[in-house]
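Enquirer: What follows is a structure written as structure tokens; I'll ask about it next.
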Amino acid sequence: MQPGVKGTTKVFAVLGHPIGHTLSPVMYNAAFRELKMNSIYVALDVEKDRLEEAVKGIKALGMQGGNVTIPLKEAIIPYLDGITEEARLIGAVNTFYWKEGEKLWGDNTDGAGFLAAGRKAEPQLLREKSAVILGAGGAARAVAVALARAGMGELTLVNRNLEKAVTLAEQLEKLGAKVYVRSWPKGEAVKRAATEEKPTGRSETGADLEELVKRSGLVVNTTPLGMAPHEEACPPLDLALLHPGQLVVDLIYRPKETLFLRQAKARGCRVMNGLPMLLEQGVLSFQRWAGTDAPVEAMWKELERWV
Ligand code: NAP
């Protein structure tokens with residue numbers, strides 16, 4: 001417990017299910033300690049079918065704000081009073097806060113957190129013309145939307161469920177990106193027939209996955225393949241395609257270095273795990289609901305201690 005909790009202490013929380021493994025309380029309570037804020041941050045286990053009640057509870061109890069994680073990031077949207085454009089485009093919320101004192105608002109800082117972390121690792125990141133994203137789930141949506149909005153011209157989505165990737169591709173195309181959709185594990189292009197059924201389906205065929213990976217300056221694993229306790233797993237990409245000059249990111253931070261990152265490093269790539277993104281999305285969330293700048297160093301130190 002935060003030392004000195006008293007009658008005036010403000011309460012913040014992360015909602016999710018399961019929630020026991022979340023690092024949010026350690027990261028944000030370290031921030032409160034550093035800033036000597038009279039606040040506490042707790043983790044609340046909320047199942048999807050109790051989410052509406054939970055949001056009503058947040059309002060009724062006067063909680064100050066916080067975060068949402070799997071599986072509530074999309075489900076919470078109807079219960080909020082509004083969401084930002086970024087959250088609308090990503091289709092998910094990871095942070096909620098009070099706007100103008102009376103409206104509970106949702107934002108998504110995952111994509112912006114990814115970009116901030118990526119630019120710290122590689123200041124020229126957005127000069128790259130092409131990126132490959134492995135996966136097309138929630139994290140991939142956040143990363144891809146942020147990259148497309150920041151002007152990344154060419155994106156390749158590689159996913160098991162092609163329909164999901166095509167849906168995301170259509171959205172990214174509306175943001176001005178040229179998008180290639182490829183399947184696991186063979187890297188086949190989406191068949192024209194599949195995209196033609198959809199009115200806006202313009203996902204590119206043409207270049208093969210090999211060529212797309214070779215010419216990309218950024219490769220991001222957004223799948224959980226390689227996450228503890230399945231550390232022997234690795235995205236089924238031909239890792240021989242990776243080469244020096246590329247920044248290879250794995251959103252996983254447990255373990256700190258996945259098999260995917262180890263292999264990329266062995267091929268001379270610069271690598272980054274998911275911890276800097278976790279930090280940066282947290283820094284942006286903190287600004288939203290605490291209304292002040294986050295103590296980045298203190299948060300980073302605490303995260304590193306726990307991973
Ligand atoms: P999600 O919405 O469930 O998406 C998971 C993605 O991985 C989907 O594209 C899924 O493919 C793919 N996938 C899962 N198992 C697979 C398998 N066995 N073979 C091939 N593809 C597989 O999850 P998410 O929220 O995007 O999270 C994904 C990862 O990102 C997790 O490891 C999470 O911890 C991490 N993450 C990190 C941060 C951070 O701050 N560092 C933030 C958010 C998420 P299908 O569509 O074919 O099912």
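Within each chain, counting starts at residue 1; across the structure tokens, chains are named A, B, ... in the order shown, with ligands numbered 1 upward in that order.
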What are the closest atom pairs, with distances in Å to one decimal, for all residues of chain A lying within 9 Å of ligand 1? Consider only C-alpha atoms and all ligand atoms, order rows by chain and residue number, and present the result as a Markdown table.
Expert:
```
| residue | atom | partner | partner_atom_place_in_ligand_line | distance |
| --- | --- | --- | --- | --- |
| A:Thr69 | CA | ligand 1 | 25 (O) | 8.2 |
| A:Ile70 | CA | ligand 1 | 25 (O) | 6.5 |
| A:Pro71 | CA | ligand 1 | 25 (O) | 8.2 |
| A:Lys73 | CA | ligand 1 | 25 (O) | 8.8 |
| A:Asp110 | CA | ligand 1 | 42 (C) | 6.2 |
| A:Gly111 | CA | ligand 1 | 42 (C) | 8.7 |
| A:Gly113 | CA | ligand 1 | 40 (O) | 7.6 |
| A:Phe114 | CA | ligand 1 | 40 (O) | 7.4 |
| A:Leu134 | CA | ligand 1 | 9 (O) | 7.3 |
| A:Gly135 | CA | ligand 1 | 9 (O) | 3.5 |
| A:Ala136 | CA | ligand 1 | 9 (O) | 3.8 |
| A:Gly137 | CA | ligand 1 | 4 (O) | 3.4 |
| A:Gly138 | CA | ligand 1 | 26 (O) | 3.7 |
| A:Ala139 | CA | ligand 1 | 26 (O) | 3.6 |
| A:Ala140 | CA | ligand 1 | 26 (O) | 5.6 |
| A:Arg141 | CA | ligand 1 | 26 (O) | 7.5 |
| A:Ala142 | CA | ligand 1 | 43 (C) | 8.3 |
| A:Val158 | CA | ligand 1 | 9 (O) | 8.2 |
| A:Asn159 | CA | ligand 1 | 47 (O) | 5.4 |
| A:Arg160 | CA | ligand 1 | 47 (O) | 3.7 |
| A:Asn161 | CA | ligand 1 | 47 (O) | 3.6 |
| A:Leu162 | CA | ligand 1 | 47 (O) | 7.1 |
| A:Glu163 | CA | ligand 1 | 46 (O) | 8.4 |
| A:Lys164 | CA | ligand 1 | 46 (O) | 6.0 |
| A:Ala165 | CA | ligand 1 | 46 (O) | 7.4 |
| A:Trp184 | CA | ligand 1 | 20 (C) | 7.1 |
| A:Pro185 | CA | ligand 1 | 20 (C) | 8.5 |
| A:Asn221 | CA | ligand 1 | 30 (O) | 7.8 |
| A:Thr222 | CA | ligand 1 | 30 (O) | 4.7 |
| A:Thr223 | CA | ligand 1 | 7 (O) | 3.4 |
| A:Pro224 | CA | ligand 1 | 32 (O) | 3.6 |
| A:Leu225 | CA | ligand 1 | 16 (C) | 6.2 |
| A:Gly226 | CA | ligand 1 | 32 (O) | 8.2 |
| A:Met227 | CA | ligand 1 | 32 (O) | 6.1 |
| A:Ala233 | CA | ligand 1 | 18 (N) | 8.7 |
| A:Cys234 | CA | ligand 1 | 19 (N) | 8.9 |
| A:Pro235 | CA | ligand 1 | 20 (C) | 6.9 |
| A:Pro236 | CA | ligand 1 | 20 (C) | 7.8 |
| A:Asp250 | CA | ligand 1 | 41 (N) | 7.9 |
| A:Leu251 | CA | ligand 1 | 41 (N) | 4.3 |
| A:Ile252 | CA | ligand 1 | 32 (O) | 4.9 |
| A:Tyr253 | CA | ligand 1 | 41 (N) | 6.3 |
| A:Arg254 | CA | ligand 1 | 34 (O) | 8.4 |
| A:Asn273 | CA | ligand 1 | 41 (N) | 7.4 |
| A:Gly274 | CA | ligand 1 | 41 (N) | 3.6 |
| A:Leu275 | CA | ligand 1 | 41 (N) | 5.4 |
| A:Pro276 | CA | ligand 1 | 41 (N) | 7.1 |
| A:Met277 | CA | ligand 1 | 40 (O) | 4.6 |
| A:Leu278 | CA | ligand 1 | 40 (O) | 3.4 |
| A:Leu279 | CA | ligand 1 | 40 (O) | 7.2 |
| A:Glu280 | CA | ligand 1 | 40 (O) | 8.0 |
| A:Gln281 | CA | ligand 1 | 40 (O) | 6.7 |
| A:Gly282 | CA | ligand 1 | 40 (O) | 8.4 |
```
Enquirer: Please, which residues of region 32-246 of chain A, numbered as in this document, come out strand (DSSP E or B) from DSSP, as a PyMOL selection string?
Expert: chain A and resi 39-45+65-68+82-83+95-99+103-107+130-134+154-159+178-183+189+204+218-221
Enquirer: Using only C-alpha atoms, which protein or nucleic acid residues come within 12 Å of Glu122 (chain A)? Drop anything in the same chain fewer than 4 positions from it, and give the result as a count of residues only.
Expert: 19
Enquirer: Set the distance at 9 Å and use only C-alpha atoms: which residues neighbour Gly153 (chain A) once local chain neighbours fewer than 4 positions away are removed? I'd like the list as a ChimeraX atom specification.
Expert: /A:128-131,147-148,176-179
Enquirer: Write out as a list of chain:residue names the residues lying within 8 Å of Val5 (chain A), counting only C-alpha atoms and excluding same-chain residues fewer than 6 positions away.
Expert: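 Counting only the stated atoms, we get A:Asn38, A:Ser39, A:Ile40.
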Enquirer: Check the DSSP output for the backbone and give back, as number ranges by chain, the residues of region 58-295 of chain A in helix (DSSP H, G or I).
Expert: A: 58-61, 77-79, 85-90, 110-121, 125-127, 138-149, 162-174, 192-196, 209-214, 239-241, 259-266, 275-290
Enquirer: So the first atom is CA of Leu209 (chain A) and the second is CA of Ala121 (chain A); what is the distance between them in Å, to one decimal place?
Expert: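 Answer for the CA of Leu209 (chain A) to CA of Ala121 (chain A) separation: 25.4 Å.
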Enquirer: For Glu297 (chain A), find every residue with an atom within 12 Å (counting only C-alpha atoms), except residues of its own chain fewer than 5 positions away, and show them as a list in words.
Expert: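 What passes the distance filter is Met27, Tyr28, Ala30, Ala31, Glu34, Leu35, Pro276, Leu279, Glu280, Val283, Glu302, Leu303 and Glu304 of chain A.
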Enquirer: Next, the residues of the selection above should be written as a PDB file, in the first residue's frame with N, CA and C atoms.
Expert:
```pdb
ATOM      1  N   MET A  27       4.296   0.799 -11.557  1.00  0.00           N
ATOM      2  CA  MET A  27       4.792   1.949 -12.336  1.00  0.00           C
ATOM      3  C   MET A  27       4.184   3.266 -11.842  1.00  0.00           C
ATOM      4  N   TYR A  28       2.858   3.274 -11.642  1.00  0.00           N
ATOM      5  CA  TYR A  28       2.208   4.548 -11.287  1.00  0.00           C
ATOM      6  C   TYR A  28       2.382   4.900  -9.809  1.00  0.00           C
ATOM      7  N   ALA A  30       5.031   4.294  -8.162  1.00  0.00           N
ATOM      8  CA  ALA A  30       6.392   4.858  -8.119  1.00  0.00           C
ATOM      9  C   ALA A  30       6.339   6.336  -8.530  1.00  0.00           C
ATOM     10  N   ALA A  31       5.493   6.635  -9.528  1.00  0.00           N
ATOM     11  CA  ALA A  31       5.357   8.031  -9.979  1.00  0.00           C
ATOM     12  C   ALA A  31       4.771   8.895  -8.859  1.00  0.00           C
ATOM     13  N   GLU A  34       7.385   9.520  -6.233  1.00  0.00           N
ATOM     14  CA  GLU A  34       8.399  10.462  -6.712  1.00  0.00           C
ATOM     15  C   GLU A  34       7.879  11.900  -6.647  1.00  0.00           C
ATOM     16  N   LEU A  35       6.617  12.088  -7.022  1.00  0.00           N
ATOM     17  CA  LEU A  35       6.040  13.446  -7.049  1.00  0.00           C
ATOM     18  C   LEU A  35       5.388  13.830  -5.718  1.00  0.00           C
ATOM     19  N   PRO A 276       9.944  -0.305 -23.177  1.00  0.00           N
ATOM     20  CA  PRO A 276       9.887   1.141 -23.459  1.00  0.00           C
ATOM     21  C   PRO A 276       8.500   1.602 -23.926  1.00  0.00           C
ATOM     22  N   LEU A 279       6.309   1.804 -20.879  1.00  0.00           N
ATOM     23  CA  LEU A 279       6.625   3.036 -20.142  1.00  0.00           C
ATOM     24  C   LEU A 279       5.978   4.257 -20.823  1.00  0.00           C
ATOM     25  N   GLU A 280       6.197   4.390 -22.126  1.00  0.00           N
ATOM     26  CA  GLU A 280       5.760   5.615 -22.815  1.00  0.00           C
ATOM     27  C   GLU A 280       4.232   5.726 -22.883  1.00  0.00           C
ATOM     28  N   VAL A 283       3.395   6.955 -19.497  1.00  0.00           N
ATOM     29  CA  VAL A 283       3.720   8.376 -19.315  1.00  0.00           C
ATOM     30  C   VAL A 283       2.595   9.238 -19.901  1.00  0.00           C
ATOM     31  N   GLU A 302      11.371   1.495 -11.764  1.00  0.00           N
ATOM     32  CA  GLU A 302      10.478   0.552 -11.090  1.00  0.00           C
ATOM     33  C   GLU A 302      10.079  -0.580 -12.048  1.00  0.00           C
ATOM     34  N   LEU A 303       9.803  -0.232 -13.301  1.00  0.00           N
ATOM     35  CA  LEU A 303       9.449  -1.269 -14.283  1.00  0.00           C
ATOM     36  C   LEU A 303      10.588  -2.267 -14.427  1.00  0.00           C
ATOM     37  N   GLU A 304      11.792  -1.751 -14.565  1.00  0.00           N
ATOM     38  CA  GLU A 304      12.955  -2.635 -14.761  1.00  0.00           C
ATOM     39  C   GLU A 304      13.162  -3.563 -13.571  1.00  0.00           C
TER      40      GLU A 304
END
```
Enquirer: When you look at Ala92 (chain A) with a cut-off of 7 Å (counting only C-alpha atoms), what residues show up, excluding the ones that are within fewer than 5 positions of it in the same chain? I need them as a list in words.
Expert: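 Contacts, in chain order: Lys73, Glu74, Ala87 and Asn108 of chain A.
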